[in-house]
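Peer 1: Input my_file15.pdb, format and content: PDB, C-alpha atoms.
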ATOM      1  CA  GLN A 191      12.764   9.022  -2.496
ATOM      2  CA  GLU A 192      11.189  10.776   0.484
ATOM      3  CA  LEU A 193       8.313  12.115  -1.627
ATOM      4  CA  ILE A 194       7.637   8.704  -3.167
ATOM      5  CA  ARG A 195       7.663   7.173   0.320
ATOM      6  CA  ASP A 196       5.013   9.516   1.682
ATOM      7  CA  PHE A 197       2.935  10.570  -1.326
ATOM      8  CA  ILE A 198       1.414   9.276  -4.538
ATOM      9  CA  ILE A 199       2.142  12.065  -7.012
ATOM     10  CA  THR A 200      -0.144  12.865  -9.928
ATOM     11  CA  SER A 201      -0.525  15.804 -12.304
ATOM     12  CA  VAL A 202      -3.800  17.462 -13.322
ATOM     13  CA  ASP A 203      -4.117  19.544 -16.483
ATOM     14  CA  VAL A 204      -6.783  22.117 -15.576
ATOM     15  CA  SER A 205      -7.034  23.166 -19.218
ATOM     16  CA  ARG A 206      -8.726  19.860 -20.040
ATOM     17  CA  PRO A 207     -12.562  19.902 -20.230
ATOM     18  CA  ASP A 208     -12.895  18.165 -16.845
ATOM     19  CA  GLY A 209     -10.062  20.141 -15.228
ATOM     20  CA  PRO A 210     -12.101  22.979 -13.647
ATOM     21  CA  SER A 211     -14.645  20.507 -12.254
ATOM     22  CA  LEU A 212     -11.909  18.439 -10.636
ATOM     23  CA  ALA A 213     -10.271  21.564  -9.236
ATOM     24  CA  LYS A 214     -13.610  22.542  -7.706
ATOM     25  CA  ASP A 215     -13.987  19.104  -6.116
ATOM     26  CA  LEU A 216     -10.519  19.488  -4.612
ATOM     27  CA  LYS A 217     -11.377  22.999  -3.413
ATOM     28  CA  ALA A 218      -8.337  24.228  -5.322
ATOM     29  CA  ASP A 219      -8.158  27.996  -5.709
ATOM     30  CA  LEU A 220      -6.887  28.387  -9.273
ATOM     31  CA  THR A 221      -6.849  32.172  -8.906
ATOM     32  CA  ALA A 222      -3.849  31.746  -6.586
ATOM     33  CA  GLY A 223      -1.778  30.870  -9.628
ATOM     34  CA  LEU A 224      -0.258  27.801 -11.256
ATOM     35  CA  PRO A 225       1.455  25.459 -10.631
ATOM     36  CA  LEU A 226      -0.608  24.680  -7.532
ATOM     37  CA  LEU A 227       0.230  21.901  -5.100
ATOM     38  CA  ALA A 228      -2.765  20.167  -3.487
ATOM     39  CA  ILE A 229      -2.421  17.577  -0.716
ATOM     40  CA  LEU A 230      -5.181  14.994  -0.228
ATOM     41  CA  ASP A 231      -5.559  12.552   2.649
ATOM     42  CA  ASP A 232      -6.053   8.804   2.149
ATOM     43  CA  ALA A 233      -9.808   9.339   1.760
ATOM     44  CA  GLY A 234      -9.318  11.875  -1.043
ATOM     45  CA  ARG A 235     -10.158  14.889   1.112
ATOM     46  CA  PRO A 236      -8.131  18.076   0.492
ATOM     47  CA  VAL A 237      -5.980  19.015   3.476
ATOM     48  CA  ALA A 238      -3.639  21.676   2.063
ATOM     49  CA  GLN A 239      -2.811  23.636  -1.052
ATOM     50  CA  GLN A 240      -0.017  25.999  -1.971
ATOM     51  CA  GLU A 241       0.878  27.908  -5.111
ATOM     52  CA  THR A 242       4.552  27.554  -5.867
ATOM     53  CA  ALA A 243       5.729  31.164  -6.219
ATOM     54  CA  GLY A 244       6.977  31.058  -2.636
ATOM     55  CA  PHE A 245       9.229  28.127  -3.491
ATOM     56  CA  GLU A 246      10.921  29.831  -6.432
ATOM     57  CA  ARG A 247      14.636  30.490  -6.513
ATOM     58  CA  GLY A 248      16.049  32.043  -9.655
ATOM     59  CA  ASP A 249      14.759  30.148 -12.674
ATOM     60  CA  GLY A 250      13.683  27.148 -10.611
ATOM     61  CA  HIS A 251      12.379  26.093  -7.217
ATOM     62  CA  ASP A 252      14.206  25.726  -3.916
ATOM     63  CA  PRO A 253      14.269  21.957  -3.151
ATOM     64  CA  GLN A 254      14.583  22.555   0.592
ATOM     65  CA  LYS A 255      11.488  24.766   0.703
ATOM     66  CA  LEU A 256       9.515  22.213  -1.293
ATOM     67  CA  LEU A 257      10.718  19.402   0.952
ATOM     68  CA  ALA A 258       9.749  21.368   4.069
ATOM     69  CA  PHE A 259       6.229  21.819   2.676
ATOM     70  CA  PHE A 260       5.826  18.119   1.943
ATOM     71  CA  ARG A 261       7.286  17.106   5.307
ATOM     72  CA  LYS A 262       4.763  19.341   7.049
ATOM     73  CA  TRP A 263       1.865  17.509   5.372
ATOM     74  CA  ALA A 264       3.299  13.991   5.312
ATOM     75  CA  PRO A 265       0.933  11.400   6.802
ATOM     76  CA  PRO A 266       1.760  10.172  10.325
ATOM     77  CA  ARG A 267       3.805   6.988  10.506
ATOM     78  CA  LYS A 268       1.942   3.899  11.662
ATOM     79  CA  ASP A 269       3.285   1.232  14.040
ATOM     80  CA  ALA A 270       3.504  -2.051  12.137
ATOM     81  CA  ARG A 271       3.959  -4.074  15.332
ATOM     82  CA  ALA A 272       0.695  -2.792  16.802
ATOM     83  CA  ILE A 273      -1.122  -3.312  13.506
ATOM     84  CA  TYR A 274       0.192  -6.881  13.207
ATOM     85  CA  LYS A 275      -0.731  -7.686  16.822
ATOM     86  CA  GLY A 276      -4.242  -6.289  16.347
ATOM     87  CA  ALA A 277      -4.695  -8.243  13.115
ATOM     88  CA  LEU A 278      -3.672 -11.497  14.848
ATOM     89  CA  GLU A 279      -6.245 -10.846  17.563
ATOM     90  CA  GLN A 280      -8.911 -10.086  14.973
ATOM     91  CA  ALA A 281      -8.082 -13.260  13.046
ATOM     92  CA  GLY A 282      -8.282 -15.328  16.232
ATOM     93  CA  ALA A 283     -11.638 -13.839  17.200
ATOM     94  CA  GLN A 284     -13.070 -14.741  13.792
ATOM     95  CA  GLY A 285     -11.482 -18.166  13.493
ATOM     96  CA  LYS A 286      -9.404 -17.087  10.524
ATOM     97  CA  ARG A 287      -5.780 -17.045   9.495
ATOM     98  CA  LEU A 288      -3.774 -13.921   8.773
ATOM     99  CA  LEU A 289      -2.635 -13.083   5.254
ATOM    100  CA  VAL A 290       0.314 -10.725   5.641
ATOM    101  CA  VAL A 291       1.273  -8.707   2.567
ATOM    102  CA  LEU A 292       4.646  -6.989   2.821
ATOM    103  CA  GLY A 293       5.188  -4.064   0.511
ATOM    104  CA  SER A 294       7.046  -0.815  -0.030
ATOM    105  CA  PRO A 295       6.127   2.584  -1.472
ATOM    106  CA  TYR A 296       8.888   2.157  -4.062
ATOM    107  CA  CYS A 297       7.393  -1.066  -5.479
ATOM    108  CA  ALA A 298       5.135  -0.837  -8.550
ATOM    109  CA  GLY A 299       4.256  -4.524  -8.237
ATOM    110  CA  CYS A 300       2.952  -3.907  -4.710
ATOM    111  CA  TYR A 301       0.450  -1.359  -5.993
ATOM    112  CA  ALA A 302      -0.658  -3.744  -8.736
ATOM    113  CA  LEU A 303      -1.190  -6.579  -6.246
ATOM    114  CA  ALA A 304      -3.023  -4.232  -3.859
ATOM    115  CA  ASP A 305      -5.471  -3.367  -6.644
ATOM    116  CA  VAL A 306      -6.124  -7.068  -7.277
ATOM    117  CA  LEU A 307      -6.723  -7.825  -3.592
ATOM    118  CA  ALA A 308      -8.994  -4.771  -3.255
ATOM    119  CA  ALA A 309     -11.308  -5.854  -6.082
ATOM    120  CA  ALA A 310     -14.751  -6.582  -4.606
ATOM    121  CA  GLU A 311     -15.008 -10.216  -5.735
ATOM    122  CA  VAL A 312     -11.482 -11.084  -4.660
ATOM    123  CA  LYS A 313     -11.741  -9.272  -1.344
ATOM    124  CA  GLY A 314     -15.021 -10.987  -0.434
ATOM    125  CA  ILE A 315     -13.723 -14.479  -1.151
ATOM    126  CA  VAL A 316     -10.360 -14.011   0.563
ATOM    127  CA  ALA A 317     -12.136 -12.648   3.656
ATOM    128  CA  LYS A 318     -13.793 -16.025   4.214
ATOM    129  CA  ASP A 319     -10.504 -17.501   5.393
ATOM    130  CA  TYR A 320      -8.178 -14.576   6.012
ATOM    131  CA  GLU A 321      -7.757 -11.361   7.876
ATOM    132  CA  VAL A 322      -5.595  -9.414   5.416
ATOM    133  CA  VAL A 323      -2.990  -7.056   6.836
ATOM    134  CA  LYS A 324      -0.613  -4.923   4.779
ATOM    135  CA  VAL A 325       2.750  -4.019   6.271
ATOM    136  CA  ASP A 326       4.909  -1.383   4.611
ATOM    137  CA  ILE A 327       8.481  -2.351   5.451
ATOM    138  CA  ASP A 328       9.807   1.136   4.661
ATOM    139  CA  ARG A 329       6.973   3.474   5.633
ATOM    140  CA  MET A 330       5.781   1.930   8.925
ATOM    141  CA  ASP A 331       7.676   2.033  12.200
ATOM    142  CA  GLY A 332       8.702  -1.518  13.021
ATOM    143  CA  GLY A 333       7.806  -2.760   9.546
ATOM    144  CA  ARG A 334      11.022  -4.721   9.164
ATOM    145  CA  ASP A 335      10.658  -6.108  12.688
ATOM    146  CA  VAL A 336       7.340  -7.665  11.688
ATOM    147  CA  ALA A 337       8.868  -8.870   8.420
ATOM    148  CA  ARG A 338      11.690 -10.661  10.252
ATOM    149  CA  LYS A 339       9.215 -12.209  12.692
ATOM    150  CA  ILE A 340       7.393 -13.976   9.861
ATOM    151  CA  GLY A 341      10.525 -15.076   8.018
ATOM    152  CA  PHE A 342      11.112 -12.380   5.416
ATOM    153  CA  PRO A 343      14.683 -12.829   4.116
ATOM    154  CA  GLU A 344      17.045  -9.893   4.613
ATOM    155  CA  GLU A 345      17.605  -9.514   0.878
ATOM    156  CA  GLY A 346      14.050 -10.472  -0.071
ATOM    157  CA  GLY A 347      11.945  -8.575  -2.585
ATOM    158  CA  VAL A 348       8.397  -7.328  -2.266
ATOM    159  CA  PRO A 349       5.534  -7.943  -2.527
ATOM    160  CA  TRP A 350       6.067 -10.865  -0.150
ATOM    161  CA  LEU A 351       3.221 -12.782   1.481
ATOM    162  CA  ALA A 352       2.776 -15.119   4.428
ATOM    163  CA  VAL A 353      -0.122 -17.108   5.863
ATOM    164  CA  VAL A 354       0.022 -16.948   9.660
ATOM    165  CA  GLU A 355      -2.063 -18.716  12.306
ATOM    166  CA  ALA A 356      -3.723 -16.507  14.921
ATOM    167  CA  GLN A 357      -1.166 -17.811  17.435
ATOM    168  CA  GLY A 358       1.667 -16.454  15.268
ATOM    169  CA  HIS A 359       2.828 -19.675  13.555
ATOM    170  CA  VAL A 360       3.723 -19.182   9.884
ATOM    171  CA  VAL A 361       1.861 -21.781   7.814
ATOM    172  CA  ALA A 362       3.282 -20.839   4.418
ATOM    173  CA  SER A 363       5.130 -17.943   2.838
ATOM    174  CA  THR A 364       6.520 -16.699  -0.423
ATOM    175  CA  GLY A 365       9.989 -17.933   0.405
ATOM    176  CA  ALA A 366      13.169 -16.469  -0.991
ATOM    177  CA  THR A 367      11.964 -16.521  -4.609
ATOM    178  CA  MET A 368       8.704 -15.970  -6.413
ATOM    179  CA  GLU A 369       8.971 -19.499  -7.837
ATOM    180  CA  ALA A 370       8.406 -20.896  -4.341
ATOM    181  CA  TYR A 371       4.675 -20.543  -4.856
ATOM    182  CA  ALA A 372       4.296 -19.082  -8.361
ATOM    183  CA  SER A 373       1.605 -16.546  -7.414
ATOM    184  CA  PRO A 374      -0.262 -15.001  -4.466
ATOM    185  CA  PHE A 375      -3.211 -17.203  -5.468
ATOM    186  CA  ARG A 376      -1.233 -20.386  -4.777
ATOM    187  CA  LEU A 377      -0.364 -19.173  -1.297
ATOM    188  CA  ILE A 378      -3.997 -18.276  -0.573
ATOM    189  CA  GLU A 379      -5.055 -21.674  -1.907
ATOM    190  CA  LEU A 380      -2.593 -23.461   0.395
ATOM    191  CA  GLY A 381      -4.118 -21.936   3.509
ATOM    192  CA  ALA A 382      -7.767 -21.967   2.421
ATOM    193  CA  ARG A 383     -10.321 -23.804   4.556
ATOM    194  CA  ARG A 384     -13.730 -22.208   3.940
ATOM    195  CA  ILE A 385     -13.231 -20.972   0.380
ATOM    196  CA  GLN A 386     -15.094 -23.223  -2.032
ATOM    197  CA  THR A 387     -13.639 -24.855  -5.164
ATOM    198  CA  ALA A 388     -15.614 -22.599  -7.518
ATOM    199  CA  GLU A 389     -14.439 -19.557  -5.585
ATOM    200  CA  LEU A 390     -10.823 -20.705  -5.836
ATOM    201  CA  ALA A 391     -11.288 -21.009  -9.592
ATOM    202  CA  LEU A 392     -12.592 -17.444  -9.719
ATOM    203  CA  LEU A 393      -9.649 -16.254  -7.610
ATOM    204  CA  SER A 394      -7.266 -18.011  -9.964
ATOM    205  CA  ARG A 395      -8.730 -16.146 -12.932
ATOM    206  CA  LYS A 396      -8.845 -12.780 -11.204
ATOM    207  CA  MET A 397      -5.376 -13.023  -9.701
ATOM    208  CA  GLY A 398      -3.761 -14.684 -12.682
ATOM    209  CA  ALA A 399      -3.497 -11.329 -14.447
ATOM    210  CA  TRP A 400      -1.029 -10.114 -11.795
ATOM    211  CA  GLY A 401       2.405 -10.552 -13.273
ATOM    212  CA  GLY A 402       4.321 -11.560 -10.158
ATOM    213  CA  ARG A 403       6.816  -8.708 -10.353
ATOM    214  CA  ARG A 404       8.961  -8.257  -7.234
ATOM    215  CA  GLU A 405      11.348  -5.446  -6.337
TER     216      GLU A 405
END
As structure tokens, please, write out the structure in this file.
Peer 2:
Amino acid sequence: QELIRDFIITSVDVSRPDGPSLAKDLKADLTAGLPLLAILDDAGRPVAQQETAGFERGDGHDPQKLLAFFRKWAPPRKDARAIYKGALEQAGAQGKRLLVVLGSPYCAGCYALADVLAAAEVKGIVAKDYEVVKVDIDRMDGGRDVARKIGFPEEGGVPWLAVVEAQGHVVASTGATMEAYASPFRLIELGARRIQTAELALLSRKMGAWGGRRE
């Protein structure tokens, strides 16, 4: 659980045709031996690597040594309260509303929705009316404090969204169940002011592929 919270884990087969090229891009020293652990920051830059011989214990690996390595290179925790406050100020300065997206590192649906919102066409249209802020209720300090402030139910699932005025008033939110608004698009539509009808239609098509899974 701790690894999933702090890292996105992927495996690379360096025996594949593109394996050596990728290893070079990551500055991975394959001569150090395999398996090799490589840590990248959120911009894809390599920050650490370690062959795993030092973690071995008998026929396997020492979980505590592995955990210590990952803890050393875990990203710093962010303060959700400061991020939320800054986003409200930014929304107010631009005459926009805030679209708060609550998520968790353990939620596959959150990653799927994040990909949809990050798509260039979707992002550009949504930005006309909203300052989008993502709050990780498990990874960020104060994440659940922000969630409670905007009405997130104690037993609620994520992803969970809310439209908030720059003064902090919640205009609309997911509610206790996904059926309360059917999709993130419906919530965005409810709070839209500058987004044009044709753009809403495009959003509906682009966001309709998201399945609405909550966890």
Peer 1: On this file, the PyMOL selection byres ((chain A and resi 289) around 9) gives some set of residues; write that set as a VMD selection string.
Peer 2: chain A and resid 287 to 288 290 to 291 320 to 324 351 to 354 378
Peer 1: Nearest to Leu307 of chain A: which of A:Ala222, A:Met397, A:Ala238, A:Leu193 is it, counting all atoms listed in the file?
Peer 2: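 For Leu307 of chain A, the nearest of the candidates is A:Met397.
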Peer 1: Return the single residue from A:Lys214, A:Ile229, A:Gly223, A:Val348 that is closest to Ser201 of chain A, with distances computed using all atoms listed in the file.
Peer 2: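 Closest to Ser201 of chain A of all the choices is A:Ile229.
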Peer 1: Starting from the PyMOL selection byres ((chain A and resi 196) around 10), expand the selection into actual residues of this file and give them as number ranges by chain.
Peer 2: A: 191-195, 197-199, 260-261, 263-267, 295, 329
Peer 1: Go ahead and save the residues from that selection, with C-alpha atoms, as an mmCIF file, keeping the file's coordinate frame.
Peer 2:
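Writing done, so here's out.cif:
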data_model
loop_
_atom_site.group_PDB
_atom_site.id
_atom_site.type_symbol
_atom_site.label_atom_id
_atom_site.label_comp_id
_atom_site.auth_asym_id
_atom_site.auth_seq_id
_atom_site.Cartn_x
_atom_site.Cartn_y
_atom_site.Cartn_z
ATOM 1 C CA GLN A 191 12.764 9.022 -2.496
ATOM 2 C CA GLU A 192 11.189 10.776 0.484
ATOM 3 C CA LEU A 193 8.313 12.115 -1.627
ATOM 4 C CA ILE A 194 7.637 8.704 -3.167
ATOM 5 C CA ARG A 195 7.663 7.173 0.320
ATOM 6 C CA PHE A 197 2.935 10.570 -1.326
ATOM 7 C CA ILE A 198 1.414 9.276 -4.538
ATOM 8 C CA ILE A 199 2.142 12.065 -7.012
ATOM 9 C CA PHE A 260 5.826 18.119 1.943
ATOM 10 C CA ARG A 261 7.286 17.106 5.307
ATOM 11 C CA TRP A 263 1.865 17.509 5.372
ATOM 12 C CA ALA A 264 3.299 13.991 5.312
ATOM 13 C CA PRO A 265 0.933 11.400 6.802
ATOM 14 C CA PRO A 266 1.760 10.172 10.325
ATOM 15 C CA ARG A 267 3.805 6.988 10.506
ATOM 16 C CA PRO A 295 6.127 2.584 -1.472
ATOM 17 C CA ARG A 329 6.973 3.474 5.633
#
Peer 1: Can you tell me how far atom CA of Arg271 of chain A sits from atom CA of Arg383 of chain A, in Å to one decimal?
Peer 2: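 So the two atoms, atom CA of Arg271 of chain A and atom CA of Arg383 of chain A, lie 26.6 Å apart.
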